[in-house]
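For reference, entry-v1.csv (CSV, C-alpha atoms and all ligand atoms):
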```
chain,number,residue,atom,x,y,z
A,29,MET,CA,-17.8,-98.0,-79.3
A,30,SER,CA,-20.6,-100.2,-80.6
A,31,ARG,CA,-24.2,-99.3,-80.0
A,32,GLY,CA,-26.0,-101.1,-77.2
A,33,LYS,CA,-28.8,-103.6,-77.9
A,34,PHE,CA,-32.4,-102.6,-77.2
A,35,ILE,CA,-34.6,-105.4,-75.8
A,36,ALA,CA,-38.3,-104.9,-75.0
A,37,PHE,CA,-40.6,-107.1,-73.1
A,38,GLU,CA,-44.2,-107.2,-74.2
A,39,GLY,CA,-47.4,-109.1,-73.3
A,40,GLY,CA,-50.7,-108.8,-71.5
A,41,GLU,CA,-51.3,-108.0,-67.9
A,42,GLY,CA,-49.8,-110.5,-65.4
A,43,THR,CA,-47.4,-112.3,-67.8
A,44,GLY,CA,-44.4,-111.6,-65.6
A,45,LYS,CA,-42.6,-109.0,-67.7
A,46,SER,CA,-41.2,-107.0,-64.8
A,47,THR,CA,-39.9,-110.0,-63.0
A,48,GLN,CA,-38.3,-111.3,-66.2
A,49,ALA,CA,-36.8,-107.9,-67.1
A,50,ARG,CA,-35.1,-107.8,-63.7
A,51,LEU,CA,-33.8,-111.3,-64.1
A,52,LEU,CA,-32.4,-110.6,-67.6
A,53,ALA,CA,-30.7,-107.4,-66.4
A,54,ALA,CA,-29.0,-109.3,-63.6
A,55,ALA,CA,-27.9,-112.0,-66.0
A,56,LEU,CA,-26.5,-109.5,-68.4
A,57,THR,CA,-24.7,-107.6,-65.6
A,58,ALA,CA,-23.2,-110.9,-64.4
A,59,ARG,CA,-21.8,-111.4,-68.0
A,60,GLY,CA,-20.2,-107.9,-67.9
A,61,ILE,CA,-22.7,-106.2,-70.2
A,62,ALA,CA,-23.6,-102.7,-69.0
A,63,CYS,CA,-27.3,-102.4,-69.1
A,64,GLU,CA,-30.2,-100.2,-68.0
A,65,ILE,CA,-33.6,-101.5,-67.0
A,66,THR,CA,-36.6,-99.2,-67.6
A,67,ARG,CA,-40.3,-99.3,-68.3
A,68,GLU,CA,-43.2,-97.7,-70.2
A,69,PRO,CA,-45.1,-95.6,-69.7
A,70,GLY,CA,-42.3,-94.0,-67.6
A,71,GLY,CA,-38.5,-94.2,-67.4
A,72,THR,CA,-37.8,-90.4,-67.1
A,73,PRO,CA,-39.2,-87.9,-64.6
A,74,GLY,CA,-41.5,-86.4,-67.3
A,75,ALA,CA,-42.7,-89.8,-68.6
A,76,GLU,CA,-43.4,-91.0,-65.1
A,77,ALA,CA,-45.5,-87.9,-64.5
A,78,ILE,CA,-47.4,-88.8,-67.7
A,79,ARG,CA,-47.8,-92.4,-66.4
A,80,THR,CA,-49.6,-91.0,-63.4
A,81,LEU,CA,-52.0,-89.1,-65.7
A,82,LEU,CA,-52.6,-92.2,-67.8
A,83,LEU,CA,-53.1,-94.8,-65.1
A,84,ASP,CA,-54.6,-93.0,-62.1
A,85,PRO,CA,-58.1,-94.7,-61.6
A,86,ALA,CA,-59.3,-91.5,-59.9
A,87,LEU,CA,-59.2,-89.5,-63.2
A,88,PRO,CA,-61.9,-89.9,-65.9
A,89,ARG,CA,-61.1,-92.2,-68.8
A,90,TRP,CA,-59.2,-90.5,-71.6
A,91,ALA,CA,-60.6,-90.5,-75.1
A,92,PRO,CA,-58.7,-93.1,-77.2
A,93,ALA,CA,-56.8,-90.4,-79.2
A,94,ALA,CA,-55.8,-88.5,-76.2
A,95,GLU,CA,-54.6,-91.7,-74.5
A,96,ALA,CA,-52.5,-92.6,-77.5
A,97,LEU,CA,-51.0,-89.1,-77.7
A,98,LEU,CA,-50.0,-89.3,-74.0
A,99,PHE,CA,-48.3,-92.6,-74.4
A,100,ALA,CA,-46.5,-91.3,-77.5
A,101,ALA,CA,-45.4,-88.1,-75.6
A,102,ALA,CA,-44.1,-90.2,-72.7
A,103,ARG,CA,-42.2,-92.5,-75.1
A,104,SER,CA,-40.8,-89.5,-77.0
A,105,ASP,CA,-39.3,-88.1,-73.7
A,106,HIS,CA,-38.0,-91.6,-72.7
A,107,VAL,CA,-36.4,-92.2,-76.1
A,108,ALA,CA,-34.7,-88.8,-76.3
A,109,HIS,CA,-33.5,-88.5,-72.7
A,110,ARG,CA,-32.8,-92.1,-71.7
A,111,ILE,CA,-33.0,-94.8,-74.3
A,112,GLU,CA,-31.0,-93.2,-77.2
A,113,PRO,CA,-28.3,-91.8,-74.9
A,114,ALA,CA,-27.8,-95.2,-73.3
A,115,LEU,CA,-27.7,-97.1,-76.6
A,116,ALA,CA,-25.3,-94.5,-78.1
A,117,ALA,CA,-23.0,-95.0,-75.1
A,118,GLY,CA,-22.9,-98.8,-75.7
A,119,ARG,CA,-25.2,-99.7,-72.9
A,120,TRP,CA,-28.0,-102.2,-73.4
A,121,VAL,CA,-31.6,-101.1,-72.6
A,122,ILE,CA,-34.1,-103.5,-71.3
A,123,CYS,CA,-37.6,-102.0,-71.4
A,124,ASP,CA,-40.8,-103.3,-69.8
A,125,ARG,CA,-43.2,-102.5,-72.7
A,126,PHE,CA,-42.6,-100.2,-75.7
A,127,VAL,CA,-44.4,-99.2,-78.9
A,128,ASP,CA,-45.9,-102.7,-79.6
A,129,SER,CA,-48.0,-102.1,-76.4
A,130,SER,CA,-49.4,-98.9,-78.1
A,131,LEU,CA,-50.1,-100.9,-81.3
A,132,ALA,CA,-51.9,-103.6,-79.4
A,133,TYR,CA,-53.8,-101.6,-76.7
A,134,GLN,CA,-54.5,-98.2,-78.5
A,135,GLY,CA,-54.1,-99.2,-82.1
A,136,ASP,CA,-56.0,-102.5,-82.0
A,137,ALA,CA,-58.1,-103.0,-78.8
A,138,ALA,CA,-59.1,-99.4,-78.5
A,139,GLY,CA,-59.6,-99.1,-82.3
A,140,LEU,CA,-57.3,-96.2,-83.4
A,141,GLY,CA,-55.6,-98.3,-86.1
A,142,GLU,CA,-52.1,-99.3,-86.7
A,143,ALA,CA,-51.2,-96.5,-89.1
A,144,ALA,CA,-52.1,-93.8,-86.6
A,145,ILE,CA,-49.9,-95.3,-83.9
A,146,ARG,CA,-46.9,-95.8,-86.3
A,147,THR,CA,-47.2,-92.2,-87.4
A,148,LEU,CA,-47.2,-90.9,-83.8
A,149,HIS,CA,-44.2,-93.1,-83.2
A,150,LYS,CA,-42.3,-91.8,-86.2
A,151,VAL,CA,-43.0,-88.2,-85.2
A,152,GLY,CA,-42.3,-88.7,-81.5
A,153,SER,CA,-39.5,-91.2,-81.4
A,154,GLN,CA,-37.9,-91.3,-84.9
A,155,GLY,CA,-39.6,-94.7,-85.4
A,156,LEU,CA,-37.2,-96.5,-83.1
A,157,TYR,CA,-37.9,-100.2,-82.7
A,158,PRO,CA,-36.3,-102.7,-80.4
A,159,ASP,CA,-33.6,-105.1,-81.7
A,160,VAL,CA,-35.5,-107.9,-80.0
A,161,THR,CA,-39.0,-108.0,-78.6
A,162,LEU,CA,-39.7,-110.8,-76.1
A,163,LEU,CA,-43.5,-111.5,-76.1
A,164,LEU,CA,-44.5,-113.2,-72.9
A,165,GLU,CA,-47.7,-115.3,-73.3
A,166,ALA,CA,-49.8,-117.2,-70.8
A,167,ASP,CA,-53.4,-118.4,-70.5
A,168,SER,CA,-55.9,-116.2,-68.7
A,169,GLY,CA,-56.2,-118.6,-65.8
A,170,THR,CA,-52.5,-118.1,-65.0
A,171,THR,CA,-52.4,-114.3,-65.5
A,172,GLU,CA,-55.6,-113.7,-63.4
A,173,GLY,CA,-54.1,-115.7,-60.5
A,174,ARG,CA,-50.9,-113.6,-60.7
A,175,LEU,CA,-52.7,-110.3,-60.9
A,176,SER,CA,-55.0,-110.9,-58.0
A,177,ALA,CA,-51.9,-111.9,-55.9
A,178,ARG,CA,-50.2,-108.7,-57.0
A,179,ASP,CA,-52.9,-106.1,-57.2
A,180,GLY,CA,-56.0,-107.5,-55.3
A,181,ASP,CA,-58.9,-105.4,-56.5
A,182,ALA,CA,-56.7,-102.4,-57.3
A,183,ALA,CA,-56.2,-102.7,-61.1
A,184,ASP,CA,-55.1,-99.5,-62.9
A,185,LYS,CA,-57.2,-97.6,-65.4
A,186,ILE,CA,-56.2,-99.8,-68.4
A,187,GLY,CA,-55.5,-103.1,-66.6
A,188,GLY,CA,-59.0,-102.9,-65.2
A,189,ARG,CA,-60.8,-103.0,-68.6
A,190,GLY,CA,-62.9,-106.0,-69.4
A,191,ALA,CA,-62.0,-109.5,-70.6
A,192,ALA,CA,-63.0,-108.6,-74.2
A,193,PHE,CA,-60.5,-105.7,-74.3
A,194,HIS,CA,-57.7,-107.9,-73.0
A,195,ASP,CA,-58.6,-110.7,-75.5
A,196,GLY,CA,-58.3,-108.1,-78.2
A,197,VAL,CA,-54.8,-107.1,-76.9
A,198,ALA,CA,-53.7,-110.8,-76.9
A,199,ARG,CA,-54.9,-111.2,-80.5
A,200,ALA,CA,-53.1,-108.0,-81.5
A,201,PHE,CA,-49.8,-109.2,-80.0
A,202,ASP,CA,-50.2,-112.5,-81.8
A,203,ARG,CA,-50.7,-110.6,-85.1
A,204,LEU,CA,-47.7,-108.3,-84.5
A,205,ALA,CA,-45.5,-111.3,-83.7
A,206,ARG,CA,-46.5,-113.2,-86.8
A,207,ALA,CA,-45.8,-110.1,-89.0
A,208,GLU,CA,-42.3,-109.7,-87.7
A,209,PRO,CA,-40.9,-113.1,-86.8
A,210,HIS,CA,-37.3,-112.0,-86.8
A,211,ARG,CA,-37.8,-109.3,-84.1
A,212,PHE,CA,-40.3,-111.1,-81.9
A,213,HIS,CA,-39.5,-114.2,-79.8
A,214,ARG,CA,-42.6,-115.8,-78.3
A,215,ILE,CA,-42.1,-117.1,-74.8
A,216,ASP,CA,-44.3,-119.5,-72.8
A,217,ALA,CA,-44.8,-117.4,-69.7
A,218,ALA,CA,-47.1,-119.9,-67.9
A,219,ARG,CA,-44.0,-121.8,-66.7
A,220,SER,CA,-42.1,-121.0,-63.5
A,221,PRO,CA,-40.0,-117.8,-63.4
A,222,GLU,CA,-36.8,-119.8,-63.5
A,223,ASP,CA,-37.9,-121.7,-66.6
A,224,VAL,CA,-39.1,-118.6,-68.3
A,225,HIS,CA,-35.8,-116.9,-67.6
A,226,ALA,CA,-34.0,-119.9,-69.2
A,227,LEU,CA,-36.2,-119.7,-72.3
A,228,ILE,CA,-35.4,-116.0,-72.6
A,229,LEU,CA,-31.6,-116.6,-72.4
A,230,ALA,CA,-31.9,-119.3,-75.0
A,231,ALA,CA,-33.9,-116.9,-77.3
A,232,LEU,CA,-31.2,-114.3,-76.9
A,233,GLY,CA,-28.4,-116.8,-77.4
A,234,ASP,CA,-27.1,-115.2,-80.6
A,235,LEU,CA,-26.9,-111.8,-79.0
A,236,ILE,CA,-25.3,-112.6,-75.7
A,237,PRO,CA,-21.5,-113.1,-75.8
B,1,LIG,P1,-47.8,-102.0,-66.8
B,1,LIG,O1,-48.9,-102.5,-65.9
B,1,LIG,O2,-47.1,-103.0,-67.6
B,1,LIG,O3,-46.8,-101.1,-66.1
B,1,LIG,O4,-48.4,-101.0,-67.9
B,1,LIG,C1,-49.4,-100.1,-67.6
B,1,LIG,C2,-50.6,-100.2,-68.4
B,1,LIG,O5,-50.5,-99.4,-69.6
B,1,LIG,C3,-51.0,-101.6,-68.9
B,1,LIG,O6,-52.4,-101.8,-68.8
B,1,LIG,C4,-50.7,-101.5,-70.4
B,1,LIG,C5,-50.9,-100.1,-70.7
B,1,LIG,N1,-50.2,-99.5,-71.9
B,1,LIG,C6,-50.8,-99.1,-73.0
B,1,LIG,O7,-52.1,-99.2,-73.1
B,1,LIG,N2,-50.1,-98.6,-74.1
B,1,LIG,C7,-48.8,-98.4,-74.0
B,1,LIG,O8,-48.2,-98.0,-75.0
B,1,LIG,C8,-48.1,-98.9,-72.9
B,1,LIG,C9,-46.6,-98.7,-72.8
B,1,LIG,C10,-48.8,-99.4,-71.8
```

Rewrite the coordinates I just gave you, this time as structure tokens.
Ligand code: TMP
Amino acid sequence: MSRGKFIAFEGGEGTGKSTQARLLAAALTARGIACEITREPGGTPGAEAIRTLLLDPALPRWAPAAEALLFAAARSDHVAHRIEPALAAGRWVICDRFVDSSLAYQGDAAGLGEAAIRTLHKVGSQGLYPDVTLLLEADSGTTEGRLSARDGDAADKIGGRGAAFHDGVARAFDRLARAEPHRFHRIDAARSPEDVHALILAALGDLIP
């Protein structure tokens, strides 16, 4: 049995990752590919509990190092109990965010540095990286409109940080994508959901039978 493919969606807030992950899972299923859709932080009962700790706006803000450790702990549980078993059983895994989010948000925008995040990832998750990372990018006018339609004023603890923080996240994703052009596919996410889905299927053309 051949190992499943691991596909991650990445990008800033409001770029449509969750919608596109669902559309991709449906398209793969329709082609007879067994797949699982999951998200980070989360994806297992333990990691979903950590998600609540990380994102609950009622809790005080975590120090950057504690926040990075919590994301790495959630990811470690997710990889061990869900992602690796699925891939080993030949199923594809479609994940809404993975370690590149930690590199962009905690490593870069929050200032912990890339080396620290990669070390945590090696310890916690054997340094697992996706086969393909789909980076969804849209201008801030588009994403702000989508977020206010989705969340109103109820942004979570990290989503609610200021524009300078989120500009830093976008620059970090840009840098990560340039550094690994074979793994990253950059997708224009300002277009309609149907158009974005078509761009994603085209980007995965070589992988999908
Ligand atoms: P979501 O809104 O895409 O579900 O993600 C929750 C928030 O967590 C979002 O603001 C991005 C942030 N995040 C990080 O800061 N680091 C990470 O490693 C991950 C997976 C998410």

Between CA of Leu52 in chain A and CA of Gly180 in chain A, what distance in Å does the model show, to one decimal?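 Separation of CA of Leu52 in chain A and CA of Gly180 in chain A: 26.8 Å.
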
Pick from A:Asp216, A:Glu95, A:Asp195, A:Glu165, whichever lies nearest to Leu148 in chain A using all atoms listed in the file: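 Closest candidate: A:Glu95.
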
In Å to one decimal, how far is CA of Ala49 in chain A from atom N1 of ligand LIG 1 (chain B)? 16.5 Å

Please determine, counting all atoms listed in the file, which residue among A:Ala101, A:Ala55, A:Ala116, A:Leu87 has the shortest atom-to-atom distance to Ser30 in chain A.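 For Ser30 in chain A, the nearest of the candidates is A:Ala116.
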
For ligand LIG 1 (chain B), return the neighbouring residues as number ranges by chain (distance at most 8 Å; only C-alpha atoms and all ligand atoms). A: 40-41, 45-46, 67-69, 79, 82-83, 96, 99-100, 103, 124-134, 184-188

The selected residues should be written to file as an mmCIF file, in the coordinates of the input (atoms: C-alpha atoms).
```
data_model
loop_
_atom_site.group_PDB
_atom_site.id
_atom_site.type_symbol
_atom_site.label_atom_id
_atom_site.label_comp_id
_atom_site.auth_asym_id
_atom_site.auth_seq_id
_atom_site.Cartn_x
_atom_site.Cartn_y
_atom_site.Cartn_z
ATOM 1 C CA GLY A 40 -50.700 -108.800 -71.500
ATOM 2 C CA GLU A 41 -51.300 -108.000 -67.900
ATOM 3 C CA LYS A 45 -42.600 -109.000 -67.700
ATOM 4 C CA SER A 46 -41.200 -107.000 -64.800
ATOM 5 C CA ARG A 67 -40.300 -99.300 -68.300
ATOM 6 C CA GLU A 68 -43.200 -97.700 -70.200
ATOM 7 C CA PRO A 69 -45.100 -95.600 -69.700
ATOM 8 C CA ARG A 79 -47.800 -92.400 -66.400
ATOM 9 C CA LEU A 82 -52.600 -92.200 -67.800
ATOM 10 C CA LEU A 83 -53.100 -94.800 -65.100
ATOM 11 C CA ALA A 96 -52.500 -92.600 -77.500
ATOM 12 C CA PHE A 99 -48.300 -92.600 -74.400
ATOM 13 C CA ALA A 100 -46.500 -91.300 -77.500
ATOM 14 C CA ARG A 103 -42.200 -92.500 -75.100
ATOM 15 C CA ASP A 124 -40.800 -103.300 -69.800
ATOM 16 C CA ARG A 125 -43.200 -102.500 -72.700
ATOM 17 C CA PHE A 126 -42.600 -100.200 -75.700
ATOM 18 C CA VAL A 127 -44.400 -99.200 -78.900
ATOM 19 C CA ASP A 128 -45.900 -102.700 -79.600
ATOM 20 C CA SER A 129 -48.000 -102.100 -76.400
ATOM 21 C CA SER A 130 -49.400 -98.900 -78.100
ATOM 22 C CA LEU A 131 -50.100 -100.900 -81.300
ATOM 23 C CA ALA A 132 -51.900 -103.600 -79.400
ATOM 24 C CA TYR A 133 -53.800 -101.600 -76.700
ATOM 25 C CA GLN A 134 -54.500 -98.200 -78.500
ATOM 26 C CA ASP A 184 -55.100 -99.500 -62.900
ATOM 27 C CA LYS A 185 -57.200 -97.600 -65.400
ATOM 28 C CA ILE A 186 -56.200 -99.800 -68.400
ATOM 29 C CA GLY A 187 -55.500 -103.100 -66.600
ATOM 30 C CA GLY A 188 -59.000 -102.900 -65.200
#
```

Please provide as a PDB file with C-alpha atoms, keeping the file's coordinate frame all residues within 12 Å of range 104-111 of chain A, with the sequence filter that same-chain residues fewer than 5 positions apart are discarded (counting all atoms listed in the file).
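For reference, out_11.pdb as written:
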```pdb
ATOM      1  CA  ARG A  31     -24.200 -99.300 -80.000  1.00  0.00           C
ATOM      2  CA  GLY A  32     -26.000-101.100 -77.200  1.00  0.00           C
ATOM      3  CA  LYS A  33     -28.800-103.600 -77.900  1.00  0.00           C
ATOM      4  CA  PHE A  34     -32.400-102.600 -77.200  1.00  0.00           C
ATOM      5  CA  ILE A  35     -34.600-105.400 -75.800  1.00  0.00           C
ATOM      6  CA  ALA A  36     -38.300-104.900 -75.000  1.00  0.00           C
ATOM      7  CA  CYS A  63     -27.300-102.400 -69.100  1.00  0.00           C
ATOM      8  CA  GLU A  64     -30.200-100.200 -68.000  1.00  0.00           C
ATOM      9  CA  ILE A  65     -33.600-101.500 -67.000  1.00  0.00           C
ATOM     10  CA  THR A  66     -36.600 -99.200 -67.600  1.00  0.00           C
ATOM     11  CA  ARG A  67     -40.300 -99.300 -68.300  1.00  0.00           C
ATOM     12  CA  GLU A  68     -43.200 -97.700 -70.200  1.00  0.00           C
ATOM     13  CA  PRO A  69     -45.100 -95.600 -69.700  1.00  0.00           C
ATOM     14  CA  GLY A  70     -42.300 -94.000 -67.600  1.00  0.00           C
ATOM     15  CA  GLY A  71     -38.500 -94.200 -67.400  1.00  0.00           C
ATOM     16  CA  THR A  72     -37.800 -90.400 -67.100  1.00  0.00           C
ATOM     17  CA  PRO A  73     -39.200 -87.900 -64.600  1.00  0.00           C
ATOM     18  CA  GLY A  74     -41.500 -86.400 -67.300  1.00  0.00           C
ATOM     19  CA  ALA A  75     -42.700 -89.800 -68.600  1.00  0.00           C
ATOM     20  CA  GLU A  76     -43.400 -91.000 -65.100  1.00  0.00           C
ATOM     21  CA  ALA A  77     -45.500 -87.900 -64.500  1.00  0.00           C
ATOM     22  CA  ILE A  78     -47.400 -88.800 -67.700  1.00  0.00           C
ATOM     23  CA  ARG A  79     -47.800 -92.400 -66.400  1.00  0.00           C
ATOM     24  CA  LEU A  97     -51.000 -89.100 -77.700  1.00  0.00           C
ATOM     25  CA  LEU A  98     -50.000 -89.300 -74.000  1.00  0.00           C
ATOM     26  CA  PHE A  99     -48.300 -92.600 -74.400  1.00  0.00           C
ATOM     27  CA  ALA A 116     -25.300 -94.500 -78.100  1.00  0.00           C
ATOM     28  CA  ALA A 117     -23.000 -95.000 -75.100  1.00  0.00           C
ATOM     29  CA  GLY A 118     -22.900 -98.800 -75.700  1.00  0.00           C
ATOM     30  CA  ARG A 119     -25.200 -99.700 -72.900  1.00  0.00           C
ATOM     31  CA  TRP A 120     -28.000-102.200 -73.400  1.00  0.00           C
ATOM     32  CA  VAL A 121     -31.600-101.100 -72.600  1.00  0.00           C
ATOM     33  CA  ILE A 122     -34.100-103.500 -71.300  1.00  0.00           C
ATOM     34  CA  CYS A 123     -37.600-102.000 -71.400  1.00  0.00           C
ATOM     35  CA  PHE A 126     -42.600-100.200 -75.700  1.00  0.00           C
ATOM     36  CA  VAL A 127     -44.400 -99.200 -78.900  1.00  0.00           C
ATOM     37  CA  LEU A 148     -47.200 -90.900 -83.800  1.00  0.00           C
ATOM     38  CA  HIS A 149     -44.200 -93.100 -83.200  1.00  0.00           C
ATOM     39  CA  LYS A 150     -42.300 -91.800 -86.200  1.00  0.00           C
ATOM     40  CA  VAL A 151     -43.000 -88.200 -85.200  1.00  0.00           C
ATOM     41  CA  GLY A 152     -42.300 -88.700 -81.500  1.00  0.00           C
ATOM     42  CA  SER A 153     -39.500 -91.200 -81.400  1.00  0.00           C
ATOM     43  CA  GLN A 154     -37.900 -91.300 -84.900  1.00  0.00           C
ATOM     44  CA  GLY A 155     -39.600 -94.700 -85.400  1.00  0.00           C
ATOM     45  CA  LEU A 156     -37.200 -96.500 -83.100  1.00  0.00           C
ATOM     46  CA  TYR A 157     -37.900-100.200 -82.700  1.00  0.00           C
ATOM     47  CA  PRO A 158     -36.300-102.700 -80.400  1.00  0.00           C
TER      48      PRO A 158
END
```

Is it possible to get the axis-aligned box enclosing range 116-119 of chain A (all listed atoms, 5 Å extra per side) as lines of an AutoDock Vina configuration file, with centre and edge lengths in Å rounded to one decimal?
```
center_x = -24.1
center_y = -97.1
center_z = -75.5
size_x = 12.4
size_y = 15.2
size_z = 15.2
```

Top pick for closest residue to Ala93 in chain A, considering A:Leu81, A:Ala182, A:Ile215, A:Ala138 and counting all atoms listed in the file: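 That would be A:Ala138, the residue with the smallest distance to Ala93 in chain A.
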
Between CA of Glu208 in chain A and CA of Leu164 in chain A, distance in Å (one decimal):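 It comes out at 15.4 Å.
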
Between A:Arg89, A:Arg50, A:Arg174, A:Arg59, which one has atoms that come closest to Ser220 in chain A, using only C-alpha atoms?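 Among the listed residues, the smallest separation from Ser220 in chain A belongs to A:Arg174.
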
How close does range 141-214 of chain A get to range 229-233 of chain A? List, as a Markdown table, each residue of range 141-214 of chain A within 9 Å, its nearest atom pair and the distance in Å to one decimal, counting all atoms listed in the file.
```
| residue | atom | partner | partner_atom | distance |
| --- | --- | --- | --- | --- |
| A:Val160 | CA | A:Leu232 | CA | 8.3 |
| A:Leu162 | CA | A:Ala231 | CA | 8.5 |
| A:His213 | CA | A:Ala231 | CA | 6.7 |
| A:Arg214 | CA | A:Ala231 | CA | 8.8 |
```

Which residue, A:Ala102, A:Arg203, A:Leu115, A:Ala62, has the smallest gap to Thr80 in chain A when you use only C-alpha atoms?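 Closest candidate: A:Ala102.
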
Could you extract range 64-71 of chain A of the given structure into a file holding all heavy atoms, as a PDB file, in the first residue's frame?
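Generated file (result-v5.pdb):
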```pdb
ATOM      1  N   GLU A  64      -8.820  12.402   4.463  1.00  0.00           N
ATOM      2  CA  GLU A  64      -9.302  12.964   5.726  1.00  0.00           C
ATOM      3  C   GLU A  64      -9.068  14.447   5.691  1.00  0.00           C
ATOM      4  O   GLU A  64      -8.022  14.901   5.251  1.00  0.00           O
ATOM      5  CB  GLU A  64      -8.500  12.420   6.908  1.00  0.00           C
ATOM      6  CG  GLU A  64      -8.726  10.974   7.111  1.00  0.00           C
ATOM      7  CD  GLU A  64      -8.307  10.516   8.497  1.00  0.00           C
ATOM      8  OE1 GLU A  64      -8.075  11.353   9.394  1.00  0.00           O
ATOM      9  OE2 GLU A  64      -8.203   9.293   8.643  1.00  0.00           O
ATOM     10  N   ILE A  65     -10.028  15.196   6.247  1.00  0.00           N
ATOM     11  CA  ILE A  65      -9.847  16.637   6.345  1.00  0.00           C
ATOM     12  C   ILE A  65      -9.690  16.970   7.831  1.00  0.00           C
ATOM     13  O   ILE A  65     -10.407  16.440   8.666  1.00  0.00           O
ATOM     14  CB  ILE A  65     -11.030  17.356   5.677  1.00  0.00           C
ATOM     15  CG1 ILE A  65     -10.850  18.854   5.724  1.00  0.00           C
ATOM     16  CG2 ILE A  65     -12.344  16.967   6.235  1.00  0.00           C
ATOM     17  CD1 ILE A  65     -11.809  19.576   4.793  1.00  0.00           C
ATOM     18  N   THR A  66      -8.717  17.790   8.118  1.00  0.00           N
ATOM     19  CA  THR A  66      -8.455  18.112   9.518  1.00  0.00           C
ATOM     20  C   THR A  66      -7.904  19.534   9.612  1.00  0.00           C
ATOM     21  O   THR A  66      -7.787  20.217   8.604  1.00  0.00           O
ATOM     22  CB  THR A  66      -7.515  17.049  10.142  1.00  0.00           C
ATOM     23  OG1 THR A  66      -7.380  17.301  11.532  1.00  0.00           O
ATOM     24  CG2 THR A  66      -6.139  17.025   9.475  1.00  0.00           C
ATOM     25  N   ARG A  67      -7.630  19.993  10.839  1.00  0.00           N
ATOM     26  CA  ARG A  67      -7.199  21.386  10.978  1.00  0.00           C
ATOM     27  C   ARG A  67      -6.217  21.522  12.135  1.00  0.00           C
ATOM     28  O   ARG A  67      -6.130  20.663  13.003  1.00  0.00           O
ATOM     29  CB  ARG A  67      -8.403  22.280  11.281  1.00  0.00           C
ATOM     30  CG  ARG A  67      -8.999  22.027  12.661  1.00  0.00           C
ATOM     31  CD  ARG A  67     -10.028  23.076  13.013  1.00  0.00           C
ATOM     32  NE  ARG A  67     -10.594  22.852  14.347  1.00  0.00           N
ATOM     33  CZ  ARG A  67     -11.526  23.623  14.875  1.00  0.00           C
ATOM     34  NH1 ARG A  67     -11.990  24.648  14.218  1.00  0.00           N
ATOM     35  NH2 ARG A  67     -11.988  23.371  16.089  1.00  0.00           N
ATOM     36  N   GLU A  68      -5.500  22.646  12.111  1.00  0.00           N
ATOM     37  CA  GLU A  68      -4.621  22.983  13.246  1.00  0.00           C
ATOM     38  C   GLU A  68      -4.878  24.411  13.700  1.00  0.00           C
ATOM     39  O   GLU A  68      -5.164  25.265  12.849  1.00  0.00           O
ATOM     40  CB  GLU A  68      -3.160  22.833  12.830  1.00  0.00           C
ATOM     41  CG  GLU A  68      -2.792  21.395  12.613  1.00  0.00           C
ATOM     42  CD  GLU A  68      -1.349  21.095  12.979  1.00  0.00           C
ATOM     43  OE1 GLU A  68      -0.535  22.020  13.027  1.00  0.00           O
ATOM     44  OE2 GLU A  68      -1.050  19.922  13.232  1.00  0.00           O
ATOM     45  N   PRO A  69      -4.738  24.748  14.978  1.00  0.00           N
ATOM     46  CA  PRO A  69      -4.546  23.753  16.018  1.00  0.00           C
ATOM     47  C   PRO A  69      -5.815  22.924  16.168  1.00  0.00           C
ATOM     48  O   PRO A  69      -6.909  23.454  16.088  1.00  0.00           O
ATOM     49  CB  PRO A  69      -4.271  24.589  17.271  1.00  0.00           C
ATOM     50  CG  PRO A  69      -4.917  25.919  16.990  1.00  0.00           C
ATOM     51  CD  PRO A  69      -4.812  26.126  15.515  1.00  0.00           C
ATOM     52  N   GLY A  70      -5.641  21.615  16.375  1.00  0.00           N
ATOM     53  CA  GLY A  70      -6.794  20.735  16.562  1.00  0.00           C
ATOM     54  C   GLY A  70      -6.596  19.412  15.848  1.00  0.00           C
ATOM     55  O   GLY A  70      -5.479  18.983  15.584  1.00  0.00           O
ATOM     56  N   GLY A  71      -7.713  18.740  15.556  1.00  0.00           N
ATOM     57  CA  GLY A  71      -7.671  17.500  14.783  1.00  0.00           C
ATOM     58  C   GLY A  71      -7.722  16.230  15.601  1.00  0.00           C
ATOM     59  O   GLY A  71      -7.974  15.161  15.053  1.00  0.00           O
TER      60      GLY A  71
END
```
